[in-house]
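*Asks:* Have a peek at work-v1.txt (compact mmCIF, C-alpha atoms and all ligand atoms).
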```txt
# COMPACT_ATOMS: atom_id res chain seq x y z
CA MET A 1 -19.29 -44.51 75.42
CA SER A 2 -18.50 -48.07 76.39
CA ARG A 3 -15.98 -50.02 74.37
CA ASN A 4 -18.47 -52.89 74.18
CA LEU A 5 -20.91 -50.69 72.32
CA VAL A 6 -18.19 -49.84 69.81
CA ASP A 7 -17.38 -53.53 69.35
CA GLU A 8 -21.05 -54.40 69.09
CA LEU A 9 -21.78 -51.79 66.42
CA LEU A 10 -18.56 -52.11 64.44
CA SER A 11 -18.95 -52.92 60.73
CA SER A 12 -17.57 -56.27 59.60
CA ARG A 13 -15.44 -54.21 57.20
CA MET A 14 -13.52 -52.51 60.02
CA ARG A 15 -13.48 -55.37 62.52
CA GLY A 16 -10.05 -56.66 61.54
CA ALA A 17 -8.55 -53.24 60.74
CA GLN A 18 -5.31 -52.49 62.58
CA PRO A 19 -3.27 -49.30 62.79
CA SER A 20 -0.48 -49.26 60.23
CA ALA A 21 2.73 -50.70 61.69
CA VAL A 22 4.62 -47.93 59.93
CA ARG A 23 2.59 -45.18 61.65
CA GLU A 24 3.16 -46.86 65.04
CA ILE A 25 6.89 -47.06 64.40
CA LEU A 26 6.99 -43.43 63.30
CA LYS A 27 5.77 -42.39 66.74
CA VAL A 28 8.90 -43.97 68.31
CA ALA A 29 11.12 -42.66 65.54
CA GLU A 30 10.01 -39.06 66.16
CA ARG A 31 12.19 -38.78 69.28
CA PRO A 32 14.97 -36.27 68.43
CA GLU A 33 17.79 -38.59 69.52
CA VAL A 34 16.64 -41.23 67.02
CA ILE A 35 18.17 -41.31 63.53
CA SER A 36 15.15 -42.44 61.60
CA PHE A 37 15.33 -44.41 58.37
CA ALA A 38 11.75 -45.44 59.07
CA GLY A 39 9.31 -42.92 57.61
CA GLY A 40 8.61 -42.04 54.01
CA LEU A 41 9.17 -38.39 54.73
CA PRO A 42 10.59 -36.00 52.14
CA ALA A 43 13.31 -33.59 53.32
CA PRO A 44 11.53 -30.57 54.87
CA GLU A 45 14.47 -28.25 54.11
CA LEU A 46 13.58 -28.71 50.43
CA PHE A 47 9.96 -27.57 50.80
CA PRO A 48 9.47 -24.30 48.89
CA VAL A 49 8.05 -22.61 51.99
CA GLU A 50 8.47 -18.97 50.92
CA GLU A 51 7.10 -19.60 47.43
CA ILE A 52 4.04 -21.43 48.81
CA SER A 53 3.49 -18.65 51.34
CA ARG A 54 3.60 -16.04 48.57
CA ALA A 55 1.23 -18.06 46.38
CA VAL A 56 -1.30 -18.38 49.24
CA GLN A 57 -1.16 -14.63 49.86
CA GLU A 58 -1.58 -13.83 46.16
CA VAL A 59 -4.57 -16.18 45.90
CA LEU A 60 -6.23 -14.71 48.99
CA ALA A 61 -5.64 -11.15 47.78
CA SER A 62 -6.90 -11.66 44.22
CA GLN A 63 -9.44 -14.52 44.50
CA GLY A 64 -10.27 -14.70 48.22
CA GLY A 65 -13.97 -15.48 47.68
CA PRO A 66 -13.66 -18.51 45.39
CA ALA A 67 -10.49 -19.70 47.13
CA LEU A 68 -12.43 -20.03 50.40
CA GLN A 69 -15.73 -21.16 48.83
CA TYR A 70 -16.85 -24.72 48.06
CA GLY A 71 -15.50 -25.95 44.75
CA VAL A 72 -16.31 -28.61 42.17
CA THR A 73 -15.53 -32.21 43.07
CA GLU A 74 -13.26 -32.85 40.08
CA GLY A 75 -10.97 -30.00 41.14
CA TYR A 76 -9.76 -26.57 40.06
CA VAL A 77 -9.67 -26.51 36.26
CA PRO A 78 -6.33 -24.66 35.75
CA LEU A 79 -4.62 -27.19 38.04
CA ARG A 80 -6.22 -30.10 36.16
CA GLU A 81 -5.01 -28.53 32.92
CA TRP A 82 -1.46 -28.14 34.24
CA ILE A 83 -1.42 -31.82 35.19
CA ALA A 84 -2.82 -32.91 31.80
CA VAL A 85 -0.06 -30.94 30.03
CA ARG A 86 2.57 -32.60 32.20
CA LEU A 87 1.14 -36.07 31.56
CA ARG A 88 1.18 -35.38 27.81
CA ALA A 89 4.82 -34.35 28.04
CA ARG A 90 5.59 -37.84 29.40
CA GLY A 91 3.63 -39.56 26.62
CA THR A 92 0.15 -40.07 28.12
CA ALA A 93 -2.68 -38.83 25.89
CA SER A 94 -4.52 -36.69 28.42
CA SER A 95 -7.05 -33.90 28.69
CA SER A 96 -8.18 -32.03 31.81
CA GLU A 97 -11.50 -33.99 31.81
CA GLN A 98 -9.44 -37.11 32.46
CA VAL A 99 -7.83 -35.59 35.55
CA LEU A 100 -9.49 -35.42 38.97
CA ILE A 101 -7.79 -33.76 41.94
CA THR A 102 -7.64 -35.98 45.04
CA THR A 103 -6.77 -35.25 48.66
CA GLY A 104 -3.38 -36.92 48.32
CA SER A 105 -2.85 -39.97 46.13
CA GLN A 106 -3.89 -42.05 49.16
CA GLN A 107 -7.44 -40.87 48.53
CA GLY A 108 -7.07 -41.99 44.92
CA ILE A 109 -6.31 -45.54 46.09
CA ASP A 110 -9.29 -45.46 48.45
CA LEU A 111 -11.70 -44.10 45.82
CA VAL A 112 -10.65 -46.65 43.21
CA ALA A 113 -11.16 -49.43 45.77
CA LYS A 114 -14.54 -47.96 46.73
CA LEU A 115 -15.61 -47.77 43.07
CA PHE A 116 -14.65 -51.27 41.99
CA LEU A 117 -14.44 -53.65 44.95
CA ASP A 118 -17.13 -55.81 46.49
CA PRO A 119 -16.20 -58.08 49.42
CA GLY A 120 -14.11 -61.01 48.14
CA ASP A 121 -13.08 -59.34 44.88
CA ALA A 122 -9.50 -60.05 43.91
CA VAL A 123 -6.77 -57.41 43.75
CA ALA A 124 -3.28 -58.36 42.58
CA VAL A 125 -0.58 -56.61 44.60
CA GLU A 126 3.20 -56.73 44.58
CA ALA A 127 4.83 -58.62 47.45
CA PRO A 128 6.00 -56.52 49.24
CA THR A 129 4.05 -53.30 48.64
CA TYR A 130 2.86 -50.00 50.15
CA VAL A 131 1.20 -50.68 53.50
CA ALA A 132 -1.58 -48.07 53.30
CA ALA A 133 -2.70 -49.45 49.92
CA LEU A 134 -3.04 -52.88 51.54
CA GLN A 135 -5.05 -51.21 54.31
CA ALA A 136 -7.34 -49.48 51.81
CA PHE A 137 -8.04 -52.67 49.82
CA ALA A 138 -8.57 -54.62 53.06
CA ALA A 139 -11.11 -52.04 54.25
CA TYR A 140 -13.22 -52.89 51.18
CA GLU A 141 -12.79 -56.59 52.07
CA ALA A 142 -10.79 -57.41 48.95
CA ASP A 143 -8.98 -60.70 48.52
CA LEU A 144 -5.34 -59.64 48.18
CA LEU A 145 -3.37 -61.87 45.81
CA GLU A 146 0.37 -61.43 46.03
CA VAL A 147 2.65 -61.33 43.00
CA PRO A 148 6.38 -61.74 43.67
CA GLY A 149 8.96 -59.42 42.19
CA ASP A 150 12.70 -58.93 41.80
CA ASP A 151 15.04 -56.08 40.92
CA GLY A 152 13.12 -55.60 37.64
CA GLY A 153 9.81 -55.11 39.45
CA MET A 154 6.67 -57.24 39.38
CA ASP A 155 7.10 -60.78 37.99
CA VAL A 156 4.67 -60.61 35.07
CA ASP A 157 4.89 -64.37 34.39
CA ALA A 158 3.65 -65.03 37.92
CA LEU A 159 0.92 -62.43 37.36
CA GLU A 160 -0.18 -64.22 34.19
CA VAL A 161 -0.52 -67.54 36.05
CA LEU A 162 -2.63 -65.79 38.67
CA LEU A 163 -4.85 -64.09 36.08
CA GLN A 164 -5.49 -67.44 34.40
CA ARG A 165 -6.74 -68.85 37.70
CA ARG A 166 -8.70 -65.97 39.19
CA ARG A 167 -10.88 -63.11 37.98
CA VAL A 168 -8.86 -60.09 39.12
CA LYS A 169 -10.42 -56.62 39.02
CA LEU A 170 -7.41 -54.47 39.91
CA ILE A 171 -3.66 -54.86 39.54
CA TYR A 172 -1.99 -52.43 41.94
CA VAL A 173 1.57 -51.54 41.01
CA ILE A 174 4.15 -48.88 41.88
CA PRO A 175 6.32 -48.95 38.74
CA ASP A 176 8.96 -46.33 39.62
CA PHE A 177 11.16 -46.63 42.74
CA GLN A 178 8.71 -48.91 44.41
CA ASN A 179 7.72 -48.58 48.04
CA PRO A 180 9.30 -50.45 49.85
CA ARG A 181 11.91 -52.01 47.49
CA GLY A 182 13.09 -48.94 45.57
CA THR A 183 13.08 -51.00 42.34
CA THR A 184 11.74 -49.95 38.91
CA LEU A 185 9.54 -52.00 36.59
CA GLU A 186 11.48 -52.89 33.41
CA GLY A 187 10.24 -51.56 30.07
CA ALA A 188 9.44 -54.98 28.58
CA ARG A 189 7.49 -55.97 31.70
CA ARG A 190 5.48 -52.74 31.44
CA ARG A 191 4.24 -53.67 27.98
CA ARG A 192 3.46 -57.24 29.07
CA LEU A 193 1.61 -56.00 32.13
CA VAL A 194 -0.66 -53.78 30.03
CA GLU A 195 -1.28 -56.63 27.53
CA LEU A 196 -2.25 -58.92 30.41
CA ALA A 197 -4.65 -56.36 31.87
CA ARG A 198 -6.23 -55.92 28.43
CA HIS A 199 -6.49 -59.64 27.78
CA HIS A 200 -7.97 -60.46 31.18
CA GLY A 201 -10.20 -57.40 31.47
CA ALA A 202 -8.66 -55.79 34.56
CA PHE A 203 -7.68 -52.24 35.46
CA ILE A 204 -4.10 -51.45 36.41
CA LEU A 205 -3.85 -48.99 39.28
CA GLU A 206 -0.53 -47.27 38.54
CA ASP A 207 0.59 -45.47 41.69
CA ASP A 208 3.42 -43.07 40.90
CA PRO A 209 4.36 -40.78 43.77
CA TYR A 210 8.09 -41.10 43.08
CA GLY A 211 8.55 -41.05 39.28
CA GLU A 212 9.72 -37.40 39.24
CA LEU A 213 12.50 -38.22 41.71
CA ARG A 214 14.84 -40.07 39.35
CA PHE A 215 18.47 -39.32 40.14
CA ARG A 216 20.06 -41.91 37.80
CA GLY A 217 19.34 -43.38 34.36
CA ALA A 218 16.65 -42.65 31.78
CA PRO A 219 12.91 -42.61 32.61
CA GLU A 220 10.72 -45.60 31.71
CA VAL A 221 7.43 -45.12 29.87
CA PRO A 222 4.42 -44.70 32.21
CA LEU A 223 1.87 -47.53 32.03
CA SER A 224 -0.79 -44.91 31.25
CA ALA A 225 1.12 -44.05 28.06
CA ILE A 226 1.15 -47.70 26.96
CA GLY A 227 -2.46 -48.64 27.72
CA PRO A 228 -4.59 -45.57 28.49
CA ASP A 229 -7.88 -47.55 28.45
CA HIS A 230 -6.71 -50.01 31.10
CA VAL A 231 -4.72 -47.79 33.41
CA ILE A 232 -5.80 -45.54 36.25
CA ARG A 233 -2.80 -43.44 37.13
CA LEU A 234 -2.21 -41.68 40.45
CA GLY A 235 0.19 -38.79 41.04
CA THR A 236 0.87 -36.38 43.89
CA PHE A 237 2.68 -33.20 44.92
CA SER A 238 3.54 -34.83 48.27
CA LYS A 239 7.09 -35.75 47.35
CA THR A 240 7.81 -32.85 45.01
CA LEU A 241 6.22 -29.80 46.72
CA ALA A 242 5.02 -30.81 50.21
CA PRO A 243 2.84 -33.61 51.64
CA GLY A 244 1.01 -31.15 53.91
CA LEU A 245 -0.71 -29.65 50.84
CA ARG A 246 -2.58 -32.98 50.44
CA ILE A 247 -2.89 -32.57 46.68
CA GLY A 248 -2.82 -35.62 44.46
CA TRP A 249 -4.54 -36.52 41.21
CA LEU A 250 -6.06 -39.38 39.33
CA HIS A 251 -5.86 -39.79 35.56
CA ALA A 252 -8.22 -42.25 33.90
CA PRO A 253 -10.68 -42.72 31.04
CA VAL A 254 -13.46 -40.09 31.30
CA GLU A 255 -16.07 -42.69 32.31
CA VAL A 256 -13.94 -43.72 35.32
CA VAL A 257 -13.35 -40.07 36.30
CA ARG A 258 -17.10 -39.40 36.20
CA ARG A 259 -17.80 -42.26 38.60
CA ILE A 260 -14.82 -41.49 40.84
CA ALA A 261 -16.24 -37.96 41.22
CA ILE A 262 -19.46 -39.49 42.59
CA ALA A 263 -17.43 -41.64 45.01
CA LYS A 264 -15.44 -38.57 46.11
CA GLN A 265 -18.55 -36.47 46.79
CA SER A 266 -19.45 -38.64 49.75
CA ALA A 267 -15.86 -38.71 50.99
CA ASP A 268 -14.99 -34.99 51.17
CA LEU A 269 -16.99 -33.08 48.50
CA HIS A 270 -13.71 -31.78 47.05
CA THR A 271 -10.05 -31.25 47.87
CA PRO A 272 -9.46 -27.87 49.64
CA THR A 273 -9.92 -24.99 47.20
CA LEU A 274 -7.30 -22.80 48.85
CA THR A 275 -4.44 -25.28 48.45
CA GLN A 276 -5.49 -26.19 44.90
CA ARG A 277 -5.53 -22.55 43.82
CA ALA A 278 -2.29 -21.84 45.69
CA ALA A 279 -0.59 -24.76 43.91
CA ALA A 280 -1.89 -23.55 40.53
CA GLN A 281 -0.69 -20.01 41.32
CA LEU A 282 2.73 -21.26 42.43
CA LEU A 283 3.22 -23.31 39.27
CA LYS A 284 2.59 -20.25 37.05
CA THR A 285 5.89 -18.65 37.99
CA PHE A 286 7.88 -21.18 40.05
CA ASP A 287 10.94 -22.85 38.55
CA TYR A 288 9.49 -26.33 39.13
CA ALA A 289 12.09 -28.02 36.92
CA GLY A 290 14.92 -26.36 38.89
CA HIS A 291 13.23 -27.34 42.14
CA LEU A 292 12.92 -31.00 41.05
CA ALA A 293 16.58 -30.98 39.99
CA ARG A 294 17.55 -29.83 43.52
CA ILE A 295 15.51 -32.60 45.14
CA ARG A 296 16.94 -35.23 42.79
CA ARG A 297 20.49 -34.06 43.48
CA SER A 298 19.98 -34.13 47.23
CA TYR A 299 18.28 -37.56 47.29
CA GLY A 300 20.87 -38.95 44.89
CA GLU A 301 23.62 -37.84 47.32
CA ARG A 302 21.79 -39.27 50.31
CA CYS A 303 21.15 -42.56 48.56
CA GLY A 304 24.81 -42.70 47.53
CA ALA A 305 25.89 -42.05 51.12
CA MET A 306 23.64 -44.84 52.36
CA LEU A 307 24.90 -47.33 49.76
CA ALA A 308 28.53 -46.48 50.60
CA ALA A 309 27.88 -46.84 54.35
CA LEU A 310 26.11 -50.18 53.87
CA GLU A 311 29.06 -51.43 51.82
CA LEU A 312 31.48 -50.36 54.53
CA GLU A 313 29.60 -51.35 57.68
CA LEU A 314 27.34 -54.32 57.06
CA PRO A 315 28.36 -57.90 57.79
CA ALA A 316 28.64 -60.60 55.11
CA GLY A 317 25.34 -61.99 53.89
CA ALA A 318 23.52 -58.65 53.89
CA ARG A 319 22.27 -57.46 50.47
CA TRP A 320 20.35 -54.43 49.32
CA THR A 321 18.67 -52.87 46.30
CA ARG A 322 20.26 -49.96 44.40
CA PRO A 323 17.48 -47.51 43.56
CA ASP A 324 17.65 -45.10 40.63
CA GLY A 325 15.36 -42.66 42.42
CA GLY A 326 12.73 -42.25 45.10
CA LEU A 327 13.08 -42.47 48.85
CA PHE A 328 13.78 -46.08 49.84
CA LEU A 329 15.98 -49.10 49.57
CA TRP A 330 15.27 -52.65 50.72
CA LEU A 331 17.81 -54.42 52.87
CA GLU A 332 18.04 -58.20 53.11
CA LEU A 333 19.45 -59.10 56.51
CA PRO A 334 22.42 -61.37 57.13
CA PRO A 335 21.68 -64.97 58.25
CA ARG A 336 19.90 -65.40 61.61
CA VAL A 337 18.99 -61.72 61.92
CA THR A 338 15.23 -61.11 61.77
CA ASP A 339 13.45 -57.84 61.10
CA ARG A 340 11.70 -57.41 64.43
CA ALA A 341 14.75 -58.39 66.48
CA LEU A 342 16.79 -55.90 64.46
CA PHE A 343 14.15 -53.22 65.00
CA ARG A 344 14.38 -53.68 68.77
CA HIS A 345 18.19 -53.75 68.87
CA ALA A 346 18.28 -50.73 66.55
CA ILE A 347 15.83 -48.64 68.53
CA ALA A 348 17.88 -49.36 71.67
CA ARG A 349 20.76 -47.70 69.74
CA ASN A 350 18.54 -44.80 68.62
CA VAL A 351 18.16 -45.77 65.01
CA ALA A 352 14.80 -46.69 63.46
CA VAL A 353 13.91 -48.88 60.48
CA VAL A 354 10.64 -50.48 59.36
CA PRO A 355 10.50 -54.29 59.67
CA GLY A 356 9.89 -55.71 56.19
CA SER A 357 7.06 -58.06 57.26
CA ALA A 358 4.81 -54.97 57.51
CA PHE A 359 4.76 -54.68 53.71
CA TYR A 360 3.22 -58.04 52.91
CA ALA A 361 -0.47 -58.82 52.62
CA ARG A 362 0.16 -62.19 54.32
CA ARG A 363 2.65 -63.77 56.63
CA GLY A 364 5.02 -66.28 55.05
CA PRO A 365 8.41 -67.93 55.43
CA GLY A 366 11.41 -65.70 54.88
CA ARG A 367 9.36 -62.52 55.11
CA ASP A 368 11.06 -61.49 58.33
CA ARG A 369 14.43 -61.20 56.57
CA PHE A 370 14.13 -57.59 55.34
CA VAL A 371 13.90 -54.00 56.50
CA ARG A 372 13.03 -50.84 54.56
CA LEU A 373 15.47 -47.94 54.78
CA ASN A 374 14.51 -44.36 53.92
CA PHE A 375 17.35 -42.09 52.84
CA SER A 376 15.55 -38.82 51.99
CA ASN A 377 14.96 -37.52 55.49
CA GLN A 378 18.49 -37.59 57.00
CA THR A 379 21.65 -35.63 56.23
CA VAL A 380 24.62 -37.44 54.71
CA ALA A 381 26.47 -37.27 58.06
CA ARG A 382 23.55 -38.74 60.00
CA ILE A 383 23.10 -41.45 57.38
CA GLY A 384 26.69 -42.64 57.96
CA GLU A 385 26.22 -42.64 61.74
CA GLY A 386 22.81 -44.32 61.49
CA VAL A 387 24.13 -47.16 59.32
CA ARG A 388 27.03 -47.69 61.77
CA ARG A 389 24.52 -48.04 64.61
CA LEU A 390 22.35 -50.32 62.50
CA ALA A 391 25.32 -52.59 61.73
CA SER A 392 26.10 -52.88 65.44
CA ALA A 393 22.46 -53.86 66.05
CA MET A 394 22.72 -56.90 63.75
CA VAL A 395 23.19 -59.46 66.48
CA PRO A 396 22.41 -62.91 65.03
CA GLY A 397 19.73 -64.89 66.84
CA VAL A 398 19.54 -62.62 69.88
CA GLU A 399 16.16 -61.18 70.89
CA LEU A 400 15.80 -58.27 73.30
CA ALA A 401 13.28 -58.83 76.08
CA THR A 402 10.91 -56.01 75.16
CA ALA A 403 7.30 -56.01 74.07
CA PRO A 404 6.88 -57.15 70.47
CA VAL A 405 6.45 -54.49 67.83
CA PRO A 406 2.92 -54.70 66.41
CA ILE A 407 3.15 -55.88 62.84
CA THR A 408 -0.03 -55.48 60.89
CA ALA A 409 -1.27 -55.51 57.29
C1 LIG B 501 3.30 -45.81 47.05
C2 LIG B 501 2.59 -44.69 47.72
N1 LIG B 501 1.37 -44.34 47.30
C3 LIG B 501 0.70 -43.33 47.86
C4 LIG B 501 1.24 -42.61 48.91
C5 LIG B 501 0.40 -41.52 49.53
O1 LIG B 501 0.85 -40.28 49.18
P1 LIG B 501 -0.03 -38.95 49.32
O2 LIG B 501 0.70 -38.09 50.28
O3 LIG B 501 -0.08 -38.38 47.94
O4 LIG B 501 -1.39 -39.35 49.80
C6 LIG B 501 2.51 -42.94 49.39
C7 LIG B 501 3.08 -42.19 50.52
O5 LIG B 501 4.12 -42.43 51.02
C8 LIG B 501 3.20 -44.00 48.78
O6 LIG B 501 4.42 -44.39 49.18
```
Starting from the file, lay out its structure as structure tokens.
Ligand SMILES: Cc1ncc(COP(=O)(O)O)c(C=O)c1O
*Replies:*
Amino acid sequence: MSRNLVDELLSSRMRGAQPSAVREILKVAERPEVISFAGGLPAPELFPVEEISRAVQEVLASQGGPALQYGVTEGYVPLREWIAVRLRARGTASSSEQVLITTGSQQGIDLVAKLFLDPGDAVAVEAPTYVAALQAFAAYEADLLEVPGDDGGMDVDALEVLLQRRRVKLIYVIPDFQNPRGTTLEGARRRRLVELARHHGAFILEDDPYGELRFRGAPEVPLSAIGPDHVIRLGTFSKTLAPGLRIGWLHAPVEVVRRIAIAKQSADLHTPTLTQRAAAQLLKTFDYAGHLARIRRSYGERCGAMLAALELELPAGARWTRPDGGLFLWLELPPRVTDRALFRHAIARNVAVVPGSAFYARRGPGRDRFVRLNFSNQTVARIGEGVRRLASAMVPGVELATAPVPITA
């Protein structure tokens, strides 16, 4: 097929779509000699491989027919019930009818965008935010309106100004251990955010893949517990069990769930029955709380090792966030060091980071002054070595003569 035909037939929706800069960088970072702080990968040594294997075997032995048959779009009822119970334990009034199983929480973002967005509709997003959410909203031709933030999360005063000026349909926010900044939305801001959504008639899309991974401090209240009628909440097993399962969920008012189910039918009919039933089987007997405690301990140690190494190795003028959980921290570079130059110098020293400009919906001054660092996917020893290499790559004002890294989104 000729490329021209592809170009000629391409939808206007996909014409400007670019591959995610993060995915492109991950390809380079996969080389074994590279110490990668780039991906958002959980630690594979913490996947409960044997327990999942046993659960799959048990499901195939006792319910092979239904486990390999088509299933209902909303998902396997015992799994939806388990999730509703867990949401209730964290304060969200929930029933299994309000829970729909998605193929990863990424599909939840896509389905919500598909359900609500016409071309030109406004979505408020944090600046910076999760790249693949920006990609999903852009694919539905949304107008992405950026809201700044600080160490306490989204700036709700700035959001209010925006809501007074523009009709916004969705407010996309990652309240706990945000991707990419690692920051957590303060309690008072959470209540304000829900009030604003209520007052201005918008839905909040609360994306929470990391909330269970708190290794310091007390949990904040989920937005869905504060304003259940205005919050669509997304969760996932990707960071707690394994991303390869591709099991996430959406919690919302029943009317939203009903319509999301229609949107999902045309996407994939349903999330794989085998993995849903295996997850439900696993959770019947597995010490999930003990498992989460192990992950939190390990990520807490890795984060601590990264913070200590940054303190020791980085030149004056560099600053970074201090996450209470999750997978990432956000590093502000010393003067005259830019993100793409650092990426190139770093990769030449076999260490990978993601340039911060990838996480913004728009280009803008000062946005090339950050990189995202992942601490979950490297051992403590490799974290120390990686940060040492990264520090040596911070050469002010010097560009390497290599092809530019594609920065999209
Ligand atoms: C903020 C955020 N939302 C959603 C996802 C997608 O996760 P899932 O594997 O559940 O699709 C990620 C993955 O890294 C993420 O960081």
*Asks:* Which residues are near Phe237 (chain A)? Cut-off 12 Å, only C-alpha atoms, ignore same chain within fewer than 2 positions. Put them as a count of residues only.
*Replies:* 37
*Asks:* What is the distance, in Å and to one decimal place, between CA of Leu41 (chain A) and CA of Leu26 (chain A)?
*Replies:* 10.2 Å
*Asks:* Which one of A:Phe370, A:Tyr172, A:Tyr130, A:Tyr140 sits closest to ligand LIG 501 (chain B) if you count only C-alpha atoms and all ligand atoms?
*Replies:*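 Closest to ligand LIG 501 (chain B) of all the choices is A:Tyr130.
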*Asks:* From the options A:Leu205, A:Val85, A:Ile25, A:Ala278, which residue's atoms come nearest to Ser62 (chain A), counting all atoms listed in the file?
*Replies:*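 That would be A:Ala278, the residue with the smallest distance to Ser62 (chain A).
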*Asks:* Smallest atom-to-atom distance to Glu220 (chain A): which of A:Glu50, A:Asp207, A:Asp176, A:Glu97, using only C-alpha atoms?
*Replies:* A:Asp176
*Asks:* Check the smallest atom-to-atom distance from each of A:Glu255, A:Asp151, A:Glu313, A:Glu160 to Phe177 (chain A) using all atoms listed in the file, then report the winner.
*Replies:*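 Using all atoms listed in the file, Phe177 (chain A) sits closest to A:Asp151.
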*Asks:* As an exercise, work out the distance from CA of Asp118 (chain A) to CA of Glu141 (chain A) in Å and give it to one decimal place.
*Replies:* 7.1 Å
*Asks:* Pick out the residues sitting within 12 Å of Val395 (chain A), and hand them over as a compact mmCIF listing (two decimals) with C-alpha atoms, in the coordinates of the input; count all atoms listed in the file, and ignore anything fewer than 2 positions along from it in its own chain.
*Replies:*
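Result saved to result.txt:
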```txt
# COMPACT_ATOMS: atom_id res chain seq x y z
CA LEU A 314 27.34 -54.32 57.06
CA PRO A 315 28.36 -57.90 57.79
CA LEU A 333 19.45 -59.10 56.51
CA PRO A 334 22.42 -61.37 57.13
CA PRO A 335 21.68 -64.97 58.25
CA ARG A 336 19.90 -65.40 61.61
CA VAL A 337 18.99 -61.72 61.92
CA THR A 338 15.23 -61.11 61.77
CA ASP A 339 13.45 -57.84 61.10
CA ARG A 340 11.70 -57.41 64.43
CA ALA A 341 14.75 -58.39 66.48
CA LEU A 342 16.79 -55.90 64.46
CA PHE A 343 14.15 -53.22 65.00
CA ARG A 344 14.38 -53.68 68.77
CA HIS A 345 18.19 -53.75 68.87
CA ALA A 346 18.28 -50.73 66.55
CA ARG A 389 24.52 -48.04 64.61
CA LEU A 390 22.35 -50.32 62.50
CA ALA A 391 25.32 -52.59 61.73
CA SER A 392 26.10 -52.88 65.44
CA ALA A 393 22.46 -53.86 66.05
CA GLY A 397 19.73 -64.89 66.84
CA VAL A 398 19.54 -62.62 69.88
CA GLU A 399 16.16 -61.18 70.89
CA LEU A 400 15.80 -58.27 73.30
```
*Asks:* Go through A:Val173, A:Ala43, A:Val49, A:Leu68 one by one, measure the shortest atom-to-atom distance of each to ligand LIG 501 (chain B) using all atoms listed in the file, and give the residue with the smallest value.
*Replies:*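 Using all atoms listed in the file, ligand LIG 501 (chain B) sits closest to A:Val173.
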*Asks:* When you draw a straight line from CA of Gln69 (chain A) to CA of Ala263 (chain A), how long is it in Å?
*Replies:* 20.9 Å
*Asks:* Counting only C-alpha atoms, figure out which residue out of A:Val371, A:Val353, A:Ala139, A:Ala133 gets nearest to Gly16 (chain A).
*Replies:*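 Counting only C-alpha atoms, the residue closest to Gly16 (chain A) is A:Ala139.
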*Asks:* Excluding Thr129 (chain A) and any residue of its chain fewer than 3 positions from it, enumerate the residues within 10 Å of it, using only C-alpha atoms, and give them as an mmCIF file with C-alpha atoms, keeping the file's coordinate frame.
*Replies:*
```cif
data_model
loop_
_atom_site.group_PDB
_atom_site.id
_atom_site.type_symbol
_atom_site.label_atom_id
_atom_site.label_comp_id
_atom_site.auth_asym_id
_atom_site.auth_seq_id
_atom_site.Cartn_x
_atom_site.Cartn_y
_atom_site.Cartn_z
ATOM 1 C CA VAL A 125 -0.580 -56.610 44.600
ATOM 2 C CA GLU A 126 3.200 -56.730 44.580
ATOM 3 C CA ALA A 132 -1.580 -48.070 53.300
ATOM 4 C CA ALA A 133 -2.700 -49.450 49.920
ATOM 5 C CA LEU A 134 -3.040 -52.880 51.540
ATOM 6 C CA GLU A 146 0.370 -61.430 46.030
ATOM 7 C CA VAL A 147 2.650 -61.330 43.000
ATOM 8 C CA TYR A 172 -1.990 -52.430 41.940
ATOM 9 C CA VAL A 173 1.570 -51.540 41.010
ATOM 10 C CA ILE A 174 4.150 -48.880 41.880
ATOM 11 C CA GLN A 178 8.710 -48.910 44.410
ATOM 12 C CA ASN A 179 7.720 -48.580 48.040
ATOM 13 C CA PRO A 180 9.300 -50.450 49.850
ATOM 14 C CA ARG A 181 11.910 -52.010 47.490
ATOM 15 C CA GLY A 356 9.890 -55.710 56.190
ATOM 16 C CA ALA A 358 4.810 -54.970 57.510
ATOM 17 C CA PHE A 359 4.760 -54.680 53.710
ATOM 18 C CA TYR A 360 3.220 -58.040 52.910
ATOM 19 C CA ALA A 361 -0.470 -58.820 52.620
#
```
*Asks:* Using all atoms listed in the file, what residues lie at most 12 Å away from (23.0, -38.6, 59.5) (file coordinates), given as an mmCIF file with C-alpha atoms, in the coordinates of the input?
*Replies:*
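Okay, this is what ended up in result12.cif:
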```
data_model
loop_
_atom_site.group_PDB
_atom_site.id
_atom_site.type_symbol
_atom_site.label_atom_id
_atom_site.label_comp_id
_atom_site.auth_asym_id
_atom_site.auth_seq_id
_atom_site.Cartn_x
_atom_site.Cartn_y
_atom_site.Cartn_z
ATOM 1 C CA GLU A 33 17.790 -38.590 69.520
ATOM 2 C CA VAL A 34 16.640 -41.230 67.020
ATOM 3 C CA ILE A 35 18.170 -41.310 63.530
ATOM 4 C CA SER A 36 15.150 -42.440 61.600
ATOM 5 C CA PHE A 37 15.330 -44.410 58.370
ATOM 6 C CA ARG A 302 21.790 -39.270 50.310
ATOM 7 C CA CYS A 303 21.150 -42.560 48.560
ATOM 8 C CA ALA A 305 25.890 -42.050 51.120
ATOM 9 C CA MET A 306 23.640 -44.840 52.360
ATOM 10 C CA ALA A 309 27.880 -46.840 54.350
ATOM 11 C CA ASN A 350 18.540 -44.800 68.620
ATOM 12 C CA VAL A 351 18.160 -45.770 65.010
ATOM 13 C CA ASN A 374 14.510 -44.360 53.920
ATOM 14 C CA PHE A 375 17.350 -42.090 52.840
ATOM 15 C CA SER A 376 15.550 -38.820 51.990
ATOM 16 C CA ASN A 377 14.960 -37.520 55.490
ATOM 17 C CA GLN A 378 18.490 -37.590 57.000
ATOM 18 C CA THR A 379 21.650 -35.630 56.230
ATOM 19 C CA VAL A 380 24.620 -37.440 54.710
ATOM 20 C CA ALA A 381 26.470 -37.270 58.060
ATOM 21 C CA ARG A 382 23.550 -38.740 60.000
ATOM 22 C CA ILE A 383 23.100 -41.450 57.380
ATOM 23 C CA GLY A 384 26.690 -42.640 57.960
ATOM 24 C CA GLU A 385 26.220 -42.640 61.740
ATOM 25 C CA GLY A 386 22.810 -44.320 61.490
ATOM 26 C CA VAL A 387 24.130 -47.160 59.320
ATOM 27 C CA ARG A 388 27.030 -47.690 61.770
ATOM 28 C CA ARG A 389 24.520 -48.040 64.610
#
```
